[in-house]
Amino acid sequence: MRKIFLIIPAIFIFLTSCTERIDIKLDDSFTRLVVYGAITTDTTRHYIELSTTSSYYYNEAPPPVTGASLEISDDQGNTESLTELEPGKYATSPLFFALPGRTYTLRIELAGELNGHKTYLATSSVNPIYPIDSIGLVYQPDWGEKGFYEVTCYYQDPPTRDFYMFNIFKNGEMLTDTIRNRFVIDDGFFNGNYTNGIGVGFLNQANEREVLRVGDTITFQGCNITEEYFNFVQTLQSETGFQNPLFSGPPANVKSNISNGAVGFFAAYAVAYSRKVFQP
Amino acid sequence: MHVLNQTMRLKLIILLILFPIMTIFADGESDPSVKRYTVSGHVKDAETGEDLFGASILVAEIGTGSVANEYGFYSVSLPKGQYSLSFSYTGYESQIHNVTVEKDIVLDIQLNPLSQTLKEIEIKAERTDANVKAPEMSIVKMDVKTINKIPALMGEVDIIKAIQLLPGVQSVSEGSSGFSVRGGSPDQNLILLDEATVYNPSHFLGFFSVFNNNAIKDVKLYKGDLPAQYGGRLASVLDVRMKDGNQKKFSGTGGIGLISSRLTIEGPIIKDRTSFIVSGRRTYADLFLPLSKNEGAQDSRLYFYDFNAKINHTFNENNRIYLSGYFGRDVFKNPFANMKLGNSTATARWNHLFSQRLFSNFTTIYSRYEYGLGTANESDPNSFLWISKLQDYQVKGDFTYYPTTNHTLRFGFSSILHIFDPGKAKGTGDESMFTGYALDRTHALESGVYISNDQDIGSRLTLKYGLRFSLFQNVGPATVYGYDQYFKLADSTKYSQGDFYHTYSGLEPRLGMTYVLDEVSSVKASYSHTYQYLQLAQNSTAGTPLDIWFAASPNVKPQVSDQVAAGYFRNLRRNTIETSVEVYYKSMRNAIDFKDHATLLLNKQLEGELRFGKAWAYGIELMIAVPEGRLNGWVSYTYSRTWRKFKDINDGKTYPAPYDSPHDVSIVMNFEASQRISLSANWIYSTGKPVTFPTGRAVIDGAIVPIYSDRNAYRIKDYHRLDLSVTLHQKPNDHRFKWDLIFSVYNAYNRHNTWAINFVQDVQNPYKTYAEMTYLFGVIPAVTFNFRF
């Protein structure tokens with residue numbers, strides 16, 4: 001809700017403003033380890049990707065960090081070793097799943113030192129699963145050129161303070177395929193209430209990938225995430241979103257949960273699903 | 001020991017301030033054996049009856065005089081004798097009155113505005129030397145006539161945009177009404193409209209200010225050396241006063257512009273005793289929205305309006321009252337949401353003369369800033385409404401006592417009750433999913449008493465010294481959260497209704513001196529110590545209308561500033577050219593900044609997002625001004641720096657403040673080419689503002705995430721812009737209806753000044769990034785038709 005105000009006065013600015021590409025020379029900084037990956041309550045392969053930071057205009061895929069050994073352990077003494085399937089991409093076994101209530105620790109042992117450190121650690125806890133009753137698809141004809149379908153969601157929010165991330169799949173393809181377009185929200189304004197059709201995603205009917213046709217299956221994934229991960233996603237989205245002197249605070253680095261100055265996040269969360277076949 | 005030192009310091013300060021005041025009564029001049037009489041009265045405009053604030057009164061025989069106050073009142077005390085009093089005011093014909101003083105005399109003066117032809121003669125005559133002799137520095141007074149000549153964005157003449165062209169004053173962002181004075185933040189400016197605080201002076205996200213030129217009489221900006229009568233802000237006071245209304249005849253002014261129209265009507269209800277003014281303005285930019293191809297834009301609404309009204313009545317020569325008010329609203333509406341916001345102020349004033357030497361004014365003020373923001377559809381379970389409001393109730397009394405011609409003593413009090421409703425959000429639908437989230441209403445009482453004296457010592461030295469005592473009290477009911485050393489919520493304490501649960505106070509000495517070197521030059525110096533108890537939770541440089549004000553509290557100490565300034569003032573060519581050099585150094589304690597990624601809206605633990613540190617600023621300001629004549633205007637250059645150092649920001653390293661812009665040049669020119677045509681131009685240059693850029697990147701789940709440099713380690717490109725305008729006046733005639741037509745061009749050479757810089761991920765190659773600059777305005781021509789009758 002805090003974000004919605006961005007939309008309103010923006011009309012005026014975009015009536016007159018223009019953009020152009022410019023050249024800006026940027027300095028370089030030292031190289032850091034980048035870690036990103038999540039484990040969920042689904043039984044499937046879960047991936048952790050390792051790479052390094054680069055100069056800002058590197059313009060290529062990030063340099064992968066290969067040959068590291070990764071291990072995920074829980075607070076009950078169980079451990080899972082990860083295998084490097086592709087350079088820099090490490091996976092659990094296909095039978096791996098995380099359990100609500102447990103705390104998981106990711107331990108990374110690099111082949112060589114990076115930035116003075118060989119071992120990196122990160123910890124994340126899994127919150128309970130909250131079942132979703134149903135989802136709806138509501139057409140909003142006035143939004144955008146061809147209108148939007150708003151994905152609405154019905155479930156009971158528990159009395160605890162909760163943080164959610166929502167993903168949308170169309171016929172099995174993940175539409176929220178980068179962290180930049182995942183919907184995150186906290187329950188500050190509806191804590192303990194029945195959500196009664198909260199908007200949790202938008203399908204732009206001017207965008208071919210998101211167009212809904214009769215018979216399409218929309219799968220909604222509700223993730224119950226930690227506050228730390230919620231902050232990570234939210235600040236990442238604001239740092240990679242449109243910055244301007246009206247609404248943006250001073251740029252600042254996105255806070256990581258990895259030790260020793262590494263960048264990125266190791267997340268663990270519970271997921272619940274709801275499906276709907278599109279019938280206009 | 002510490003307490004003792006405090007007490008001793010306090011006594012010393014009081015002694016230093018009060019001792020000179022004692023001298024008023026010990027002064028040879030006020031020797032009781034010499035009977036003194038008072039000449040007093042009001043100085044007014046002969047055509048409209050408006051008070052002339054700042055008109056100067058000179059008694060030729062003794063070489064000193066007085067200055068008319070905000071209400072045009074003056075008073076001089078003289079021993080029995082024959083005197084020649086001259087009254088002068090910029091833009092008006094001077095008058096000399098020979099008076100025989102043998103009893104108290106009331107002498108009301110009506111000065112005639114200079115006609116166009118007389119102006120030509122006047123520039124050859126002696127001009128007032130106020131620049132050199134006035135016992136004040138770091139002050140700029142602008143009249144509306146000057147402001148009207150400055151080319152403006154979309155033809156909307158704007159006081160705040162004009163102020164931003166002065167040395168030491170900078171716009172915070174392209175087209176913004178926010179301004180930074182000598183490196184201060186925009187919330188360190190006290191903006192007053194008929195003494196009422198205006199908490200958000202902008203319309204349309206700052207592109208226009210709330211001040212409708214037609215309703216405004218004059219504007220005074222104090223950049224430092226704040227008089228003791230003002231308190232509560234560190235950087236400046238912008239004192240805007242509304243016209244009182246024509247006392248002589250019914251008249252009107254108005255204008256039709258590209259984006260707005262204005263109409264002002266004023267006139268006497270009882271000639272020379274009661275007059276009124278009403279003024280309104282509304283924009284119609286949204287009338288063009290239906291032309292837009294975007295359907296969303298077609299259904300959108302976007303306009304503002306404002307309304308000023310004032311009435312005054314003179315009961316007798318000792319009593320006059322003024323009632324004035326302002327109401328303004330911005331309205332935004334689109335398919336998603338709607339929003340309304342604005343200020344309202346009301347001021348009631350009573351001028352009372354206790355004697356011919358003791359002038360007083362009592363004021364009661366109400367001021368409010370509020371906004372409401374909600375979803376377009378009010379009945380969905382998703383619908384919500386979010387409101388926020390800040391209200392002030394204020395009483396104040398200001399007294400001016402003129403014991404002798406060598407002293408002007410001012411004293412008074414003020415007390416403001418602030419009522420904060422920082423934010424309340426609730427669902428509006430029948431089956432709403434929202435619980436509602438409300439930040440508690442809080443109260444604070446901000447009070448002050450002050451005394452100050454202007455004292456002439458001999459004919460060359462004038463001292464100005466004063467002391468303000470300010471008191472700030474948080475009043476319950478309230479819930480105050482406690483934070484640990486990591487700014488994490490530690491506890492909360494509840495206070496009951498009427499409980500004065502926290503108090504801050506401050507002694508604020510102000511000192512100034514002016515030493516006249518010769519007829520055309522002087523040196524001046526000043527020192528001021530000020531406290532600020534309210535601040536804006538604004539994390540971006542330009543701010544938004546949603547930014548809320550919050551008060552000092554157990555967690556937030558008041559900001560404190562010490563400023564010293566010195567200057568050399570010299571007039572050339574018989575006072576027709578005014579030049580000045582001023583240097584200043586300002587040091588601020590308990591400065592406020594925000595933690596990284598702070599959440600400032602609808603946050604009960606806002607205070608946990610604050611970080612405290614220190615800031616300092618210094619600079620030199622050069623100005624050459626030609627106030628009148630066929631070619632008039634000014635050229636100014638400022639070199640200034642502003643730094644901040646916070647333990648918890650930027651790893652504790654010093655960084656330039658967001659408004660740090662070392663070099664700043666303004667050239668403002670107006671040329672009366674003929675009786676019918678005048679040309680104006682202004683050119684602005686300033687060093688690009690500091691920014692934080694990435695020095696590396698990480699690719700995280702498809703997103704290119706920047707790794708940043710130290711805060712504000714880079715700068716955007718330098719800013720410069722030329723604006724031009726041509727005013728075509730109507731042929732001189734005797735008709736009552738007069739008009740002029742103004743053609744203006746904003747950003748004449750189409751400079752693409754950076755408003756925002758973004759690093760964008762290439763759509764084709766997601767691993768590629770490039771820098772993209774957004775600019776707001778290309779060349780913007782406009783035409784405005786103004787009329788008077």
# chains A, B, ... in the order shown; residues from 1 in each chain; ligands from 1
>>> select_by_dssp(residues="region 111-254 of chain A", states="helix (DSSP H, G or I)", output="list in words")
Ile179, Arg180, Asn181, Glu208, Arg209, Glu210, Glu227, Glu228, Tyr229, Phe230, Asn231, Phe232, Val233, Gln234, Thr235, Leu236, Gln237, Ser238, Glu239 and Thr240 of chain A
>>> residues_around(residues="region 671-676 of chain B", least_positions_apart="2", cutoff="7 Å", atoms="only C-alpha atoms", output="list in words")
Arg630, Leu631, Asn632, Met669, Ser678, Leu679, Ser680, Leu728, His729, Gln730 and Lys731 of chain B
>>> interface_residues(of="chain B", to="chain A", cutoff="7 Å", atoms="only C-alpha atoms", output="PyMOL selection string")
chain B and resi 296+332+334-335+337+381-382+433-437+539-544+596-597+692+694-703+705+707-708+756+758+767-769+771-777
>>> residues_around(residues="region 203-206 of chain A", least_positions_apart="2", cutoff="8 Å", atoms="only C-alpha atoms", output="PyMOL selection string")
chain A and resi 144-151+201+208+210-212
>>> closest_residue(among="B:His502, B:Lys586, B:Lys689, B:Lys161", to="Ile147 (chain B)", atoms="only C-alpha atoms")
B:Lys161
>>> select_by_dssp(residues="region 661-730 of chain B", states="strand (DSSP E or B)", output="PyMOL selection string")
chain B and resi 663-672+677-686+690-691+694-700+703-708+714-715+719-729
>>> write_last_selection(atoms="C-alpha atoms", output="mmCIF file, in the first residue's frame")
data_model
loop_
_atom_site.group_PDB
_atom_site.id
_atom_site.type_symbol
_atom_site.label_atom_id
_atom_site.label_comp_id
_atom_site.auth_asym_id
_atom_site.auth_seq_id
_atom_site.Cartn_x
_atom_site.Cartn_y
_atom_site.Cartn_z
ATOM 1 C CA HIS B 663 29.434 26.933 -7.773
ATOM 2 C CA ASP B 664 26.246 28.771 -8.377
ATOM 3 C CA VAL B 665 25.659 31.711 -10.721
ATOM 4 C CA SER B 666 22.440 33.643 -11.316
ATOM 5 C CA ILE B 667 21.997 36.463 -13.795
ATOM 6 C CA VAL B 668 18.636 38.179 -13.787
ATOM 7 C CA MET B 669 18.140 41.066 -16.227
ATOM 8 C CA ASN B 670 15.252 43.231 -17.208
ATOM 9 C CA PHE B 671 15.417 45.876 -19.902
ATOM 10 C CA GLU B 672 12.686 48.439 -20.506
ATOM 11 C CA ILE B 677 8.125 46.612 -24.544
ATOM 12 C CA SER B 678 10.296 45.162 -21.858
ATOM 13 C CA LEU B 679 12.669 42.239 -22.173
ATOM 14 C CA SER B 680 13.779 39.901 -19.427
ATOM 15 C CA ALA B 681 16.276 37.114 -19.205
ATOM 16 C CA ASN B 682 17.732 34.946 -16.533
ATOM 17 C CA TRP B 683 20.544 32.475 -16.693
ATOM 18 C CA ILE B 684 21.365 29.999 -13.998
ATOM 19 C CA TYR B 685 24.380 27.797 -13.571
ATOM 20 C CA SER B 686 25.158 25.422 -10.764
ATOM 21 C CA PRO B 690 26.093 14.894 -5.646
ATOM 22 C CA VAL B 691 24.877 11.373 -6.348
ATOM 23 C CA PRO B 694 27.404 1.877 -8.608
ATOM 24 C CA THR B 695 31.022 0.772 -8.687
ATOM 25 C CA GLY B 696 30.183 -2.841 -9.274
ATOM 26 C CA ARG B 697 27.340 -5.246 -9.819
ATOM 27 C CA ALA B 698 26.025 -8.599 -8.821
ATOM 28 C CA VAL B 699 23.606 -10.658 -10.888
ATOM 29 C CA ILE B 700 20.931 -12.029 -8.576
ATOM 30 C CA ALA B 703 18.397 -8.815 -11.765
ATOM 31 C CA ILE B 704 21.507 -6.684 -12.052
ATOM 32 C CA VAL B 705 21.989 -5.390 -8.563
ATOM 33 C CA PRO B 706 24.234 -2.370 -8.088
ATOM 34 C CA ILE B 707 27.061 -2.301 -5.562
ATOM 35 C CA TYR B 708 27.414 1.324 -4.554
ATOM 36 C CA TYR B 714 29.793 11.347 -7.851
ATOM 37 C CA ARG B 715 28.059 14.343 -9.374
ATOM 38 C CA TYR B 719 22.966 22.519 -14.444
ATOM 39 C CA HIS B 720 22.391 25.589 -16.577
ATOM 40 C CA ARG B 721 19.418 27.189 -18.202
ATOM 41 C CA LEU B 722 18.363 30.385 -19.923
ATOM 42 C CA ASP B 723 14.855 31.776 -19.691
ATOM 43 C CA LEU B 724 13.596 34.704 -21.743
ATOM 44 C CA SER B 725 10.506 36.801 -21.833
ATOM 45 C CA VAL B 726 9.075 39.748 -23.701
ATOM 46 C CA THR B 727 6.339 41.825 -22.146
ATOM 47 C CA LEU B 728 4.154 43.900 -24.384
ATOM 48 C CA HIS B 729 2.380 46.660 -22.511
#
>>> atom_distance(atom1="CA of Asp157 (chain A)", atom2="CA of Tyr269 (chain A)")
16.4 Å
>>> residues_around(residues="Ile620 (chain B)", least_positions_apart="4", cutoff="9 Å", atoms="only C-alpha atoms", output="PyMOL selection string")
chain B and resi 168+581-584+637-640
>>> atom_distance(atom1="CA of Gly633 (chain B)", atom2="CA of Val144 (chain B)")
14.0 Å
>>> atom_distance(atom1="CA of Phe315 (chain B)", atom2="CA of Ile270 (chain B)")
11.1 Å
>>> residues_around(residues="Ser134 (chain A)", least_positions_apart="4", cutoff="9 Å", atoms="only C-alpha atoms", output="list in words")
Thr152, Cys153, Tyr154, Tyr155, Tyr273, Ser274, Arg275 and Lys276 of chain A
>>> residues_around(residues="region 165-167 of chain B", least_positions_apart="2", cutoff="6 Å", atoms="only C-alpha atoms", output="PyMOL selection string")
chain B and resi 162-163+169+621+636+638+666
>>> write_last_selection(atoms="C-alpha atoms", output="short mmCIF file (atom, residue, chain, number, x, y, z; two decimals), in the first residue's frame")
data_model
loop_
_atom_site.label_atom_id
_atom_site.label_comp_id
_atom_site.auth_asym_id
_atom_site.auth_seq_id
_atom_site.Cartn_x
_atom_site.Cartn_y
_atom_site.Cartn_z
CA ALA B 162 12.34 33.93 -7.87
CA ILE B 163 13.88 33.36 -4.43
CA VAL B 169 19.52 29.87 -2.30
CA GLU B 621 28.24 35.07 -1.79
CA SER B 636 25.31 36.75 -8.23
CA THR B 638 28.08 31.75 -4.70
CA SER B 666 22.44 33.64 -11.32
#
>>> decode(residues="region 117-237 of chain A", atoms="C-alpha atoms", output="PDB file, in the first residue's frame")
ATOM      1  CA  HIS A 117      37.658 -15.636   2.836  1.00  0.00           C
ATOM      2  CA  LYS A 118      37.189 -19.257   1.937  1.00  0.00           C
ATOM      3  CA  THR A 119      34.169 -20.158   4.072  1.00  0.00           C
ATOM      4  CA  TYR A 120      30.826 -18.433   3.833  1.00  0.00           C
ATOM      5  CA  LEU A 121      27.727 -19.126   5.937  1.00  0.00           C
ATOM      6  CA  ALA A 122      24.068 -18.174   5.799  1.00  0.00           C
ATOM      7  CA  THR A 123      21.070 -19.137   7.875  1.00  0.00           C
ATOM      8  CA  SER A 124      17.366 -19.040   7.175  1.00  0.00           C
ATOM      9  CA  SER A 125      14.262 -20.383   8.919  1.00  0.00           C
ATOM     10  CA  VAL A 126      11.131 -21.827   7.366  1.00  0.00           C
ATOM     11  CA  ASN A 127       7.795 -20.378   8.498  1.00  0.00           C
ATOM     12  CA  PRO A 128       4.537 -22.398   8.582  1.00  0.00           C
ATOM     13  CA  ILE A 129       2.506 -23.177   5.454  1.00  0.00           C
ATOM     14  CA  TYR A 130      -0.759 -21.222   5.184  1.00  0.00           C
ATOM     15  CA  PRO A 131      -3.221 -22.879   2.810  1.00  0.00           C
ATOM     16  CA  ILE A 132      -4.820 -20.746   0.087  1.00  0.00           C
ATOM     17  CA  ASP A 133      -8.580 -21.187  -0.375  1.00  0.00           C
ATOM     18  CA  SER A 134      -8.862 -19.951  -3.928  1.00  0.00           C
ATOM     19  CA  ILE A 135      -7.769 -17.365  -6.444  1.00  0.00           C
ATOM     20  CA  GLY A 136      -9.751 -15.158  -8.812  1.00  0.00           C
ATOM     21  CA  LEU A 137      -9.006 -13.398 -12.091  1.00  0.00           C
ATOM     22  CA  VAL A 138     -10.593  -9.955 -12.253  1.00  0.00           C
ATOM     23  CA  TYR A 139     -10.455  -7.916 -15.460  1.00  0.00           C
ATOM     24  CA  GLN A 140      -9.561  -4.240 -15.021  1.00  0.00           C
ATOM     25  CA  PRO A 141     -10.324  -2.671 -18.417  1.00  0.00           C
ATOM     26  CA  ASP A 142      -9.076   0.836 -17.543  1.00  0.00           C
ATOM     27  CA  TRP A 143      -5.551  -0.152 -16.632  1.00  0.00           C
ATOM     28  CA  GLY A 144      -3.056   0.101 -19.451  1.00  0.00           C
ATOM     29  CA  GLU A 145      -3.715  -0.235 -23.174  1.00  0.00           C
ATOM     30  CA  LYS A 146      -5.570  -3.554 -23.231  1.00  0.00           C
ATOM     31  CA  GLY A 147      -6.451  -3.851 -19.594  1.00  0.00           C
ATOM     32  CA  PHE A 148      -5.004  -6.088 -16.897  1.00  0.00           C
ATOM     33  CA  TYR A 149      -6.157  -9.262 -15.208  1.00  0.00           C
ATOM     34  CA  GLU A 150      -5.698  -8.850 -11.505  1.00  0.00           C
ATOM     35  CA  VAL A 151      -4.982 -12.102  -9.688  1.00  0.00           C
ATOM     36  CA  THR A 152      -6.943 -11.970  -6.448  1.00  0.00           C
ATOM     37  CA  CYS A 153      -6.378 -14.282  -3.560  1.00  0.00           C
ATOM     38  CA  TYR A 154      -8.518 -15.669  -0.734  1.00  0.00           C
ATOM     39  CA  TYR A 155      -6.972 -17.045   2.432  1.00  0.00           C
ATOM     40  CA  GLN A 156      -7.018 -16.532   6.163  1.00  0.00           C
ATOM     41  CA  ASP A 157      -4.087 -14.465   7.397  1.00  0.00           C
ATOM     42  CA  PRO A 158      -3.053 -15.724  10.855  1.00  0.00           C
ATOM     43  CA  PRO A 159      -2.603 -13.327  13.808  1.00  0.00           C
ATOM     44  CA  THR A 160       1.207 -13.463  13.577  1.00  0.00           C
ATOM     45  CA  ARG A 161       3.230 -10.850  11.718  1.00  0.00           C
ATOM     46  CA  ASP A 162       3.761 -12.346   8.255  1.00  0.00           C
ATOM     47  CA  PHE A 163       5.606 -11.595   5.062  1.00  0.00           C
ATOM     48  CA  TYR A 164       4.622 -12.994   1.705  1.00  0.00           C
ATOM     49  CA  MET A 165       6.036 -13.405  -1.759  1.00  0.00           C
ATOM     50  CA  PHE A 166       3.740 -14.356  -4.637  1.00  0.00           C
ATOM     51  CA  ASN A 167       4.586 -16.115  -7.889  1.00  0.00           C
ATOM     52  CA  ILE A 168       2.343 -16.609 -10.893  1.00  0.00           C
ATOM     53  CA  PHE A 169       2.657 -19.433 -13.447  1.00  0.00           C
ATOM     54  CA  LYS A 170       0.765 -19.639 -16.729  1.00  0.00           C
ATOM     55  CA  ASN A 171       0.456 -23.197 -18.027  1.00  0.00           C
ATOM     56  CA  GLY A 172       3.457 -24.122 -15.893  1.00  0.00           C
ATOM     57  CA  GLU A 173       5.653 -21.253 -17.116  1.00  0.00           C
ATOM     58  CA  MET A 174       6.743 -18.906 -14.352  1.00  0.00           C
ATOM     59  CA  LEU A 175       5.736 -15.364 -15.266  1.00  0.00           C
ATOM     60  CA  THR A 176       7.401 -13.864 -12.205  1.00  0.00           C
ATOM     61  CA  ASP A 177      10.698 -15.208 -13.465  1.00  0.00           C
ATOM     62  CA  THR A 178      13.026 -12.660 -11.943  1.00  0.00           C
ATOM     63  CA  ILE A 179      13.251 -11.322  -8.452  1.00  0.00           C
ATOM     64  CA  ARG A 180      12.434  -7.905  -9.897  1.00  0.00           C
ATOM     65  CA  ASN A 181       8.826  -8.787 -10.707  1.00  0.00           C
ATOM     66  CA  ARG A 182       7.897 -10.871  -7.703  1.00  0.00           C
ATOM     67  CA  PHE A 183       5.153  -9.460  -5.584  1.00  0.00           C
ATOM     68  CA  VAL A 184       6.092  -9.071  -1.900  1.00  0.00           C
ATOM     69  CA  ILE A 185       3.831  -7.777   0.817  1.00  0.00           C
ATOM     70  CA  ASP A 186       3.615  -7.716   4.597  1.00  0.00           C
ATOM     71  CA  ASP A 187       0.343  -8.176   6.476  1.00  0.00           C
ATOM     72  CA  GLY A 188       0.648  -4.881   8.393  1.00  0.00           C
ATOM     73  CA  PHE A 189      -2.645  -3.594   7.069  1.00  0.00           C
ATOM     74  CA  PHE A 190      -4.647  -6.833   7.171  1.00  0.00           C
ATOM     75  CA  ASN A 191      -3.088  -8.861   9.946  1.00  0.00           C
ATOM     76  CA  GLY A 192      -5.393 -11.678  11.084  1.00  0.00           C
ATOM     77  CA  ASN A 193      -8.071 -10.904   8.498  1.00  0.00           C
ATOM     78  CA  TYR A 194      -9.589 -12.930   5.718  1.00  0.00           C
ATOM     79  CA  THR A 195      -7.946 -11.479   2.603  1.00  0.00           C
ATOM     80  CA  ASN A 196     -11.168 -11.506   0.624  1.00  0.00           C
ATOM     81  CA  GLY A 197      -9.585 -11.016  -2.775  1.00  0.00           C
ATOM     82  CA  ILE A 198      -6.347  -9.136  -2.174  1.00  0.00           C
ATOM     83  CA  GLY A 199      -4.572  -8.259  -5.446  1.00  0.00           C
ATOM     84  CA  VAL A 200      -1.460 -10.402  -5.637  1.00  0.00           C
ATOM     85  CA  GLY A 201      -0.422 -10.184  -9.270  1.00  0.00           C
ATOM     86  CA  PHE A 202      -1.224  -8.482 -12.538  1.00  0.00           C
ATOM     87  CA  LEU A 203      -1.346  -9.873 -16.045  1.00  0.00           C
ATOM     88  CA  ASN A 204      -0.864  -7.179 -18.654  1.00  0.00           C
ATOM     89  CA  GLN A 205      -3.018  -8.092 -21.655  1.00  0.00           C
ATOM     90  CA  ALA A 206      -0.788  -6.002 -23.912  1.00  0.00           C
ATOM     91  CA  ASN A 207       2.100  -8.359 -23.158  1.00  0.00           C
ATOM     92  CA  GLU A 208       1.952 -11.592 -25.199  1.00  0.00           C
ATOM     93  CA  ARG A 209       3.413 -13.752 -22.431  1.00  0.00           C
ATOM     94  CA  GLU A 210       0.702 -12.678 -20.022  1.00  0.00           C
ATOM     95  CA  VAL A 211      -2.338 -12.774 -22.316  1.00  0.00           C
ATOM     96  CA  LEU A 212      -5.051 -15.092 -20.964  1.00  0.00           C
ATOM     97  CA  ARG A 213      -6.936 -17.395 -23.325  1.00  0.00           C
ATOM     98  CA  VAL A 214      -9.765 -19.796 -22.517  1.00  0.00           C
ATOM     99  CA  GLY A 215      -8.404 -22.942 -20.944  1.00  0.00           C
ATOM    100  CA  ASP A 216      -5.139 -21.431 -19.716  1.00  0.00           C
ATOM    101  CA  THR A 217      -4.198 -22.621 -16.239  1.00  0.00           C
ATOM    102  CA  ILE A 218      -2.991 -20.014 -13.809  1.00  0.00           C
ATOM    103  CA  THR A 219      -1.063 -21.375 -10.866  1.00  0.00           C
ATOM    104  CA  PHE A 220      -0.512 -19.183  -7.903  1.00  0.00           C
ATOM    105  CA  GLN A 221       2.292 -19.825  -5.457  1.00  0.00           C
ATOM    106  CA  GLY A 222       2.112 -18.138  -2.078  1.00  0.00           C
ATOM    107  CA  CYS A 223       5.391 -18.136  -0.184  1.00  0.00           C
ATOM    108  CA  ASN A 224       5.525 -17.429   3.523  1.00  0.00           C
ATOM    109  CA  ILE A 225       8.932 -15.742   3.787  1.00  0.00           C
ATOM    110  CA  THR A 226      11.025 -14.297   6.593  1.00  0.00           C
ATOM    111  CA  GLU A 227      11.173 -10.574   7.334  1.00  0.00           C
ATOM    112  CA  GLU A 228      14.848 -10.575   6.390  1.00  0.00           C
ATOM    113  CA  TYR A 229      14.128 -12.017   2.943  1.00  0.00           C
ATOM    114  CA  PHE A 230      11.153  -9.698   2.492  1.00  0.00           C
ATOM    115  CA  ASN A 231      13.439  -6.724   3.135  1.00  0.00           C
ATOM    116  CA  PHE A 232      15.996  -8.150   0.746  1.00  0.00           C
ATOM    117  CA  VAL A 233      13.492  -8.495  -2.105  1.00  0.00           C
ATOM    118  CA  GLN A 234      11.887  -5.147  -1.429  1.00  0.00           C
ATOM    119  CA  THR A 235      15.110  -3.166  -1.257  1.00  0.00           C
ATOM    120  CA  LEU A 236      16.486  -5.018  -4.278  1.00  0.00           C
ATOM    121  CA  GLN A 237      13.398  -4.040  -6.233  1.00  0.00           C
TER     122      GLN A 237
END
